[in-house]
Amino acid sequence: MGTEAMFGLTGKDFVILAADGQAAYSIIRLKNDADKIWKVGNMLFACSGPPADTANFMEFIEKNVKLNELRTGIPMSTKAAASFTRNELAHALRKGPFQADLLIGGIDNEGPSLYFMDYLASSEKVNKAAHGYGAMFTLGLMDRYWKPDLTEAEAIDIIKKCIKELETRFIVDLPGFKCKIVSKEGTKDVTL
Amino acid sequence: MAPVANPKSFCLDIKKSGEAPKLMDFMKGTTTLGFVFQGGIIIAVDSRASMGSYIGSQTVKKVIEINDFLLGTIAGGAADCSFWERHLNRLCRMHELREKERISVAAASKLLANIFWQYRGQGLSCGTMVAGWDKKGPSLYMVDDQGDRHKGNVFSVGSGSTFAYGVLDTGYRFDLTVDEAVELGRRSIYHATHRDGASGGVARVYHVHEKGWTKVIAGEDVNKLHYMYAAEKNLKGDE
């Protein structure tokens with residue numbers, strides 16, 4: 001598991017994703033302001049793993065989702081995008097797997113959806129999710145405080161609690177958490 | 001290609017099996033660093049090539065002049081770095097001819113990163129920085145043999161990088177003057193060579209600015225620098 005932390009929750013009519021900003025090489029912190037949450041179509045993809053794998057995989061997915069939009073004339077639904085992404089991971093798995101773990105958030109006609117996806121190409125639609133060692137500390141917390149129809153303020157509060165918990169209990173100091181929300185109005189950054 | 005069952009993983013397999021101990025011992029001892037500041041970019045490197053405890057050379061050139069406005073640094077396998085960075089020179093020139101404009105630093109570094117991604121797992125050993133001044137101003141990218149590519153303001157690569165980071169991070173400000181920045185680069189390399197056995201020789205410093213790059217310090221013996229810095233503190237240099 002990488003010493004990275006990513007988590008996400010669904011709210012009333014939005015999905016919120018947060019990821020740390022650390023890019024490391026061996027024992028050196030190369031960057032503390034890395035942005036691991038990608039904007040793909042009108043969805044958000046948070047992707048963790050070795051930077052080479054995540055960058056190459058996400059750029060590929062991003063451009064293919066855009067191509068699909070150009071070909072069909074309509075934006076891809078979150079369900080379809082998640083399905084396509086999972087398929088790509090599955091195809092690559094037994095040839096040259098991408099070491100990429102993802103959280104996919106988007107709004108469809110049915111409402112907000114959050115997909116948990118990992119490098120083994122498993123995919124599940126969930127209400128709350130987390131990746132990395134950070135997950136061990138935050139899932140319990142999210143289970144405790146999540147409820148259906150969270151407001152943006154309540155969701156941001158839970159995210160802040162998660163980050164605080166990591167600062168308290170995780171031996172690795174993870175700087176520069178970035179947080180983004182996707183809703184019907186589009187995507188926006190959240191200052192924590 | 002190597003006449004074995006798995007030519008793709010030949011380099012790594014040979015290394016793992018230990019059948020040819022000297023063959024795969026790439027010269028990894030290095031300190032290279034680069035940082036962006038108000039006057040452009042400073043690139044500073046050492047010049048030692050070591051194979052284990054043997055010093056192969058003290059006069060290696062670890063900065064590759066990709067073209068008149070792009071610099072690349074070498075850490076890891078000298079052959080891998082210099083070959084692919086010279087290849088990058090060709091790709092940059094082709095871009096210029098096709099597009100009728102200079103290639104951006106972002107694009108040049110991406111071309112290099114894509115090459116490393118393609119050869120992933122086949123044993124290339126390379127930690128390089130690509131620095132240049134383009135339409136967007138000065139840019140510094142770190143690209144390594146895994147295919148990682150990072151944009152940033154301060155980087156150091158090599159076995160001595162952690163020592164250099166200490167001096168670099170505490171002395172760094174964006175608004176350094178050119179002279180202060182050159183001195184910071186030189187000093188960081190000196191301190192790294194003092195602590196890291198695999199770094200040494202001479203310190204070389206380049207300055208990347210709007211009009212291209214300048215070789216500010218062609219090569220200053222780090223031993224001389226040691227006694228010079230000690231004298232500044234009124235010390236003998238053997239403490």
# chains A, B, ... in the order shown; residues from 1 in each chain; ligands from 1
>>> interface_residues(of="chain A", to="chain B", cutoff="9 Å", atoms="only C-alpha atoms", output="PyMOL selection string")
chain A and resi 23+27-28+30-31+34+50-53+55-56
>>> residues_around(residues="stretch 79-87 of chain A", least_positions_apart="4", cutoff="8 Å", atoms="only C-alpha atoms", output="PyMOL selection string")
chain A and resi 61+65+91+104+113+115+117+121-123
>>> select_by_dssp(residues="stretch 17-201 of chain B", states="alpha helix (DSSP H)", output="count of residues only")
66
>>> residues_around(residues="stretch 142-151 of chain A", least_positions_apart="2", cutoff="12 Å", atoms="only C-alpha atoms", output="VMD selection string")
chain A and resid 7 to 16 111 to 112 126 to 130 135 to 140 153 to 163 165 181 183
>>> atom_distance(atom1="atom CA of A:Gly134", atom2="atom CA of A:Gly105")
18.8 Å
>>> residues_around(residues="stretch 86-101 of chain B", least_positions_apart="3", cutoff="10 Å", atoms="only C-alpha atoms", output="list in words")
Ile64, Glu65, Ile66, Asn67, Leu70, Gly72, Cys81, Ser82, Phe83, Ser104, Val105, Ala107, Ala108, Ser109, Leu111, Leu112 and Ile115 of chain B
>>> atom_distance(atom1="atom CA of B:Ile74", atom2="atom CA of B:Ser47")
10.2 Å
>>> select_by_dssp(residues="chain A", states="strand (DSSP E)", output="number ranges by chain")
A: 6-10, 14-19, 23-25, 28-31, 37-40, 43-48, 101-108, 111-117, 123-126, 128-131, 178-183, 186-190
>>> residues_around(residues="B:Gly158", least_positions_apart="2", cutoff="7 Å", atoms="only C-alpha atoms", output="PyMOL selection string")
chain B and resi 29-32+75+156+160-161
>>> write_last_selection(atoms="N, CA, C and O atoms", output="PDB file, in the first residue's frame")
ATOM      1  N   GLY B  29      26.970   7.095  -8.408  1.00  0.00           N
ATOM      2  CA  GLY B  29      27.312   8.122  -7.447  1.00  0.00           C
ATOM      3  C   GLY B  29      27.272   9.496  -8.085  1.00  0.00           C
ATOM      4  O   GLY B  29      28.007   9.768  -9.029  1.00  0.00           O
ATOM      5  N   THR B  30      26.411  10.321  -7.576  1.00  0.00           N
ATOM      6  CA  THR B  30      26.253  11.644  -8.188  1.00  0.00           C
ATOM      7  C   THR B  30      25.575  12.589  -7.228  1.00  0.00           C
ATOM      8  O   THR B  30      24.809  12.165  -6.368  1.00  0.00           O
ATOM      9  N   THR B  31      25.859  13.896  -7.370  1.00  0.00           N
ATOM     10  CA  THR B  31      24.923  14.885  -6.846  1.00  0.00           C
ATOM     11  C   THR B  31      24.630  15.856  -7.969  1.00  0.00           C
ATOM     12  O   THR B  31      25.543  16.461  -8.537  1.00  0.00           O
ATOM     13  N   THR B  32      23.349  16.010  -8.282  1.00  0.00           N
ATOM     14  CA  THR B  32      22.958  17.049  -9.238  1.00  0.00           C
ATOM     15  C   THR B  32      21.824  17.819  -8.599  1.00  0.00           C
ATOM     16  O   THR B  32      21.068  17.265  -7.807  1.00  0.00           O
ATOM     17  N   ALA B  75      22.173  11.515 -13.907  1.00  0.00           N
ATOM     18  CA  ALA B  75      22.429  10.769 -12.676  1.00  0.00           C
ATOM     19  C   ALA B  75      22.025   9.344 -12.966  1.00  0.00           C
ATOM     20  O   ALA B  75      20.989   9.107 -13.563  1.00  0.00           O
ATOM     21  N   SER B 156      16.852  17.828  -6.314  1.00  0.00           N
ATOM     22  CA  SER B 156      18.217  17.326  -6.301  1.00  0.00           C
ATOM     23  C   SER B 156      18.146  15.837  -6.551  1.00  0.00           C
ATOM     24  O   SER B 156      17.271  15.141  -6.033  1.00  0.00           O
ATOM     25  N   GLY B 160      24.027  11.805  -3.457  1.00  0.00           N
ATOM     26  CA  GLY B 160      24.310  12.904  -2.531  1.00  0.00           C
ATOM     27  C   GLY B 160      23.171  13.893  -2.399  1.00  0.00           C
ATOM     28  O   GLY B 160      23.305  14.927  -1.751  1.00  0.00           O
ATOM     29  N   SER B 161      22.016  13.546  -2.999  1.00  0.00           N
ATOM     30  CA  SER B 161      20.933  14.539  -3.069  1.00  0.00           C
ATOM     31  C   SER B 161      20.409  14.941  -1.699  1.00  0.00           C
ATOM     32  O   SER B 161      20.086  16.113  -1.478  1.00  0.00           O
TER      33      SER B 161
END
>>> atom_distance(atom1="atom CA of A:Asp108", atom2="atom CA of A:Thr78")
6.5 Å
>>> closest_residue(among="B:Ile103, B:Glu183, B:Trp84, B:His191", to="B:Ala230", atoms="only C-alpha atoms")
B:His191
